[in-house]
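The structure under discussion appears below in the form of structure tokens.
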Amino acid sequence: MHITAKVDYAVRTLIELAAAGQSPSKAEFLAHAQTIPHKFLEAVLADLRRGGLVNSRRGPDGGYWLARPAEDITIADVIRTVEGPLASVRGERPEDVEYGGPAAKLQDVWIAVRVNLRAVLENVSVADIAEQRLPNFLTELTADPGAWKRRPRTVTAAGEDAQRG
């Protein structure tokens with residue numbers, strides 16, 4: 001899975017807003033606090049506002065705040081808001097792709113990948129991270145030394161490096 005800068009910035013912004021409570025936070029403050037380019041943050045905040053994850057108000061007392069409690073906003077919600085579906089294959093949902101012949105079961109692999117992404121991303125909230133109290137299952141997953149181990153690079157047929165997760 002590739003986590004885009006947009007998703008990373010959106011999650012970090014929501015965590016910062018969760019820590020601020022219901023007090024509006026200025027975009028400039030959020031950008032500085034999380035070292036996010038201000039122009040990029042403005043676009044992210046617009047997406048989050050359109051997606052119903054943040055509210056905003058203009059003026060000297062204005063700023064941004066969470067539209068609903070941080071414990072009700074999952075990382076999956078954030079990804080879907082700023083990037084779309086958690087898992088797609090060539091821009092299609094896994095249940096919509098079909099393969100023939102020996103590749104027929106590949107669709108099952110993509111569905112299983114999505115199930116596992118959901119298992120983590122739909123069960124970790126912005127509040128969990130902001131309050132530094134990750135769910136036990138996540139702590140167990142990251143306690144496995146293999147989780148932290150990089151896999152060796154492979155070389156493609158064209159001789160290019162391809163990083164393996």
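Residues in the structure tokens are named by chain (A, B, ... in the order shown) and by number from 1 within that chain; ligands are numbered from 1 in the order shown.
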Any idea what's packed within 12 Å of Asn116 in chain A, counting only C-alpha atoms, ignoring anything in its chain fewer than 4 positions away? Could you give it as a PyMOL selection string? chain A and resi 1+76+86-87+109-112+120-123
Put those residues in a file: C-alpha atoms, as a PDB file, in the first residue's frame.
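part_23.pdb written:
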```pdb
ATOM      1  CA  MET A   1       0.000   0.000   0.000  1.00  0.00           C
ATOM      2  CA  ALA A  76     -10.048   4.594   6.743  1.00  0.00           C
ATOM      3  CA  LEU A  86      -8.859   1.836   0.329  1.00  0.00           C
ATOM      4  CA  ALA A  87      -7.978  -0.716  -2.328  1.00  0.00           C
ATOM      5  CA  VAL A 109      -6.002 -11.937  -3.380  1.00  0.00           C
ATOM      6  CA  TRP A 110      -7.063  -8.326  -3.975  1.00  0.00           C
ATOM      7  CA  ILE A 111     -10.234  -8.833  -1.900  1.00  0.00           C
ATOM      8  CA  ALA A 112      -8.137 -10.326   0.940  1.00  0.00           C
ATOM      9  CA  VAL A 120      -6.506  -2.088  10.631  1.00  0.00           C
ATOM     10  CA  LEU A 121      -7.664   1.203   9.138  1.00  0.00           C
ATOM     11  CA  GLU A 122     -11.324   0.947  10.187  1.00  0.00           C
ATOM     12  CA  ASN A 123     -10.330   0.125  13.767  1.00  0.00           C
TER      13      ASN A 123
END
```
Polymer residues at most 10 Å from Ala130 in chain A, only C-alpha atoms, same-chain spacing of 2 or more positions, as a list in words: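 Final neighbour list, sorted by chain and number: Arg12, Leu14, Ile15, Glu16, Leu17, Ala18, Ala19, Ala20, Ala70, Glu71, Ser125, Val126, Ala127, Asp128, Gln132, Arg133 and Leu134 of chain A.
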Those same residues - all heavy atoms - I'd like them written as a CSV table (one decimal), in the first residue's frame.
```
chain,number,residue,atom,x,y,z
A,12,ARG,N,-2.4,13.7,9.9
A,12,ARG,CA,-1.6,14.5,10.9
A,12,ARG,C,-2.4,15.7,11.3
A,12,ARG,O,-2.4,16.2,12.4
A,12,ARG,CB,-0.2,14.8,10.3
A,12,ARG,CG,0.6,13.6,10.3
A,12,ARG,CD,1.9,13.7,9.6
A,12,ARG,NE,2.6,14.9,9.7
A,12,ARG,CZ,3.4,15.4,8.8
A,12,ARG,NH1,3.7,14.8,7.7
A,12,ARG,NH2,4.0,16.6,9.0
A,14,LEU,N,-5.7,16.1,11.2
A,14,LEU,CA,-6.8,15.7,12.1
A,14,LEU,C,-6.3,15.4,13.5
A,14,LEU,O,-7.0,15.7,14.5
A,14,LEU,CB,-7.6,14.6,11.5
A,14,LEU,CG,-8.4,14.9,10.2
A,14,LEU,CD1,-8.9,13.7,9.6
A,14,LEU,CD2,-9.4,15.9,10.5
A,15,ILE,N,-5.2,14.8,13.6
A,15,ILE,CA,-4.6,14.5,14.9
A,15,ILE,C,-4.3,15.8,15.7
A,15,ILE,O,-4.6,15.9,16.9
A,15,ILE,CB,-3.4,13.6,14.8
A,15,ILE,CG1,-3.7,12.2,14.3
A,15,ILE,CG2,-2.6,13.5,16.2
A,15,ILE,CD1,-2.5,11.4,13.8
A,16,GLU,N,-3.8,16.7,15.0
A,16,GLU,CA,-3.5,18.0,15.6
A,16,GLU,C,-4.8,18.7,16.0
A,16,GLU,O,-4.9,19.3,17.1
A,16,GLU,CB,-2.8,18.9,14.6
A,16,GLU,CG,-2.1,20.1,15.2
A,16,GLU,CD,-0.9,19.8,16.1
A,16,GLU,OE1,-0.1,18.9,15.7
A,16,GLU,OE2,-0.8,20.4,17.1
A,17,LEU,N,-5.8,18.6,15.2
A,17,LEU,CA,-7.1,19.2,15.6
A,17,LEU,C,-7.8,18.5,16.8
A,17,LEU,O,-8.4,19.1,17.6
A,17,LEU,CB,-8.1,19.2,14.4
A,17,LEU,CG,-7.7,20.1,13.3
A,17,LEU,CD1,-8.7,19.9,12.1
A,17,LEU,CD2,-7.8,21.6,13.7
A,18,ALA,N,-7.6,17.1,16.8
A,18,ALA,CA,-8.1,16.4,18.0
A,18,ALA,C,-7.4,16.8,19.3
A,18,ALA,O,-8.1,16.9,20.3
A,18,ALA,CB,-7.9,14.9,17.7
A,19,ALA,N,-6.1,17.1,19.2
A,19,ALA,CA,-5.4,17.5,20.4
A,19,ALA,C,-5.9,18.9,20.8
A,19,ALA,O,-5.8,19.2,22.0
A,19,ALA,CB,-3.9,17.5,20.1
A,20,ALA,N,-6.3,19.7,19.9
A,20,ALA,CA,-6.8,21.1,20.2
A,20,ALA,C,-8.2,21.1,20.8
A,20,ALA,O,-8.6,22.2,21.3
A,20,ALA,CB,-6.7,22.0,18.9
A,70,ALA,N,-13.3,12.8,17.6
A,70,ALA,CA,-12.1,12.2,17.0
A,70,ALA,C,-12.2,10.7,17.1
A,70,ALA,O,-11.7,10.0,16.3
A,70,ALA,CB,-10.8,12.7,17.8
A,71,GLU,N,-12.9,10.1,18.1
A,71,GLU,CA,-13.0,8.7,18.3
A,71,GLU,C,-14.0,8.1,17.2
A,71,GLU,O,-14.0,6.9,17.0
A,71,GLU,CB,-13.4,8.2,19.7
A,71,GLU,CG,-14.5,9.0,20.3
A,71,GLU,CD,-14.1,10.3,21.0
A,71,GLU,OE1,-12.9,10.4,21.4
A,71,GLU,OE2,-14.9,11.2,21.0
A,125,SER,N,-8.7,5.0,15.3
A,125,SER,CA,-9.3,6.3,15.2
A,125,SER,C,-8.2,7.4,15.3
A,125,SER,O,-7.1,7.2,15.8
A,125,SER,CB,-10.4,6.5,16.2
A,125,SER,OG,-9.8,6.7,17.5
A,126,VAL,N,-8.6,8.6,14.9
A,126,VAL,CA,-7.8,9.8,15.1
A,126,VAL,C,-7.5,10.0,16.6
A,126,VAL,O,-6.4,10.3,17.0
A,126,VAL,CB,-8.5,11.0,14.5
A,126,VAL,CG1,-7.8,12.3,14.9
A,126,VAL,CG2,-8.5,10.9,12.9
A,127,ALA,N,-8.5,9.7,17.4
A,127,ALA,CA,-8.4,9.9,18.9
A,127,ALA,C,-7.4,8.9,19.4
A,127,ALA,O,-6.5,9.2,20.3
A,127,ALA,CB,-9.7,9.7,19.6
A,128,ASP,N,-7.4,7.6,18.9
A,128,ASP,CA,-6.4,6.6,19.4
A,128,ASP,C,-5.0,7.1,19.2
A,128,ASP,O,-4.1,7.0,20.1
A,128,ASP,CB,-6.5,5.3,18.6
A,128,ASP,CG,-7.8,4.6,18.8
A,128,ASP,OD1,-8.4,4.7,19.9
A,128,ASP,OD2,-8.3,3.9,17.9
A,132,GLN,N,-2.4,8.7,22.0
A,132,GLN,CA,-1.3,7.7,22.1
A,132,GLN,C,-1.7,6.5,22.8
A,132,GLN,O,-1.0,5.9,23.7
A,132,GLN,CB,0.0,8.4,22.7
A,132,GLN,CG,0.5,9.5,21.9
A,132,GLN,CD,1.7,10.1,22.4
A,132,GLN,OE1,2.5,9.5,23.1
A,132,GLN,NE2,2.1,11.3,21.9
A,133,ARG,N,-2.9,6.0,22.5
A,133,ARG,CA,-3.4,4.7,23.0
A,133,ARG,C,-3.9,3.8,21.9
A,133,ARG,O,-5.1,3.7,21.7
A,133,ARG,CB,-4.5,5.0,24.0
A,133,ARG,CG,-5.7,5.8,23.5
A,133,ARG,CD,-6.9,5.9,24.5
A,133,ARG,NE,-7.9,6.7,24.0
A,133,ARG,CZ,-8.8,6.4,23.1
A,133,ARG,NH1,-8.7,5.3,22.5
A,133,ARG,NH2,-9.7,7.3,22.7
A,134,LEU,N,-3.0,3.3,21.2
A,134,LEU,CA,-3.3,2.4,20.1
A,134,LEU,C,-4.0,1.2,20.5
A,134,LEU,O,-3.7,0.6,21.6
A,134,LEU,CB,-2.0,2.1,19.3
A,134,LEU,CG,-1.3,3.2,18.6
A,134,LEU,CD1,0.0,2.8,18.0
A,134,LEU,CD2,-2.2,4.0,17.7
```
Please run DSSP on the backbone and report, as a compact mmCIF listing (two decimals) with N, CA and C atoms, in the first residue's frame, all residues within chain A that come out as strand (DSSP E or B).
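Final output, saved to result33.txt:
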```txt
# COMPACT_ATOMS: atom_id res chain seq x y z
N SER A 25 -8.48 26.01 15.07
CA SER A 25 -7.04 26.15 14.82
C SER A 25 -6.85 26.75 13.44
N VAL A 54 -14.04 18.02 8.88
CA VAL A 54 -13.74 19.25 9.61
C VAL A 54 -14.78 20.32 9.28
N ASN A 55 -14.91 21.24 10.19
CA ASN A 55 -15.70 22.45 9.97
C ASN A 55 -14.74 23.62 9.97
N SER A 56 -15.19 24.73 9.42
CA SER A 56 -14.33 25.92 9.41
C SER A 56 -15.16 27.18 9.55
N ARG A 57 -14.48 28.22 9.98
CA ARG A 57 -15.10 29.54 10.11
C ARG A 57 -14.03 30.56 9.77
N GLY A 63 -11.09 29.42 12.05
CA GLY A 63 -10.12 28.34 11.94
C GLY A 63 -10.83 27.05 11.61
N TYR A 64 -10.19 25.94 11.93
CA TYR A 64 -10.71 24.61 11.64
C TYR A 64 -10.84 23.81 12.92
N TRP A 65 -11.85 22.93 12.97
CA TRP A 65 -12.04 22.03 14.09
C TRP A 65 -12.72 20.77 13.56
N LEU A 66 -12.66 19.70 14.33
CA LEU A 66 -13.25 18.44 13.90
C LEU A 66 -14.77 18.57 13.82
N THR A 74 -12.12 7.34 11.70
CA THR A 74 -11.09 6.32 11.53
C THR A 74 -10.10 6.75 10.45
N VAL A 89 -7.81 -1.73 -8.03
CA VAL A 89 -6.96 -2.41 -9.00
C VAL A 89 -7.17 -1.68 -10.33
N GLU A 92 -10.23 0.34 -10.35
CA GLU A 92 -11.51 -0.35 -10.14
C GLU A 92 -11.52 -1.01 -8.77
N SER A 125 -8.69 5.00 15.31
CA SER A 125 -9.30 6.32 15.17
C SER A 125 -8.25 7.42 15.34
N THR A 154 14.07 -6.07 -5.30
CA THR A 154 14.13 -6.98 -6.44
C THR A 154 14.41 -6.15 -7.67
N VAL A 155 14.92 -6.76 -8.68
CA VAL A 155 15.22 -6.05 -9.91
C VAL A 155 14.23 -6.51 -10.97
N ASP A 161 15.26 -1.08 -10.03
CA ASP A 161 14.99 -1.53 -8.67
C ASP A 161 13.50 -1.41 -8.38
N ALA A 162 12.96 -2.39 -7.71
CA ALA A 162 11.58 -2.36 -7.24
C ALA A 162 11.61 -2.67 -5.75
```
Between CA of Leu138 in chain A and CA of Asp72 in chain A, what is the distance, to one decimal in Å?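 So the answer is 17.8 Å.
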From the list A:Pro24, A:Lys6, A:Gly91, A:Gly52, the nearest residue to Pro37 in chain A using only C-alpha atoms is A:Lys6
Using the chain letters and numbers from this document, which residues of range 45-99 of chain A does DSSP assign to alpha helix (DSSP H), as a ChimeraX atom specification? /A:45-50,75-82
Interatomic distance, CA of Arg80 in chain A to CA of Leu106 in chain A (Å, one decimal): 23.5 Å
Contact residues around Ala43 in chain A with only C-alpha atoms at 10 Å, ignoring same-chain residues under 6 positions, as a PyMOL selection string: chain A and resi 6+10+49+82
For each of A:Val113, A:Lys26, A:Glu131, A:Asp108, take the minimum atom-to-atom distance to Gly59 in chain A, counting only C-alpha atoms, then give the residue where this is smallest.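 Of the candidates, the smallest distance to Gly59 in chain A is held by A:Lys26.
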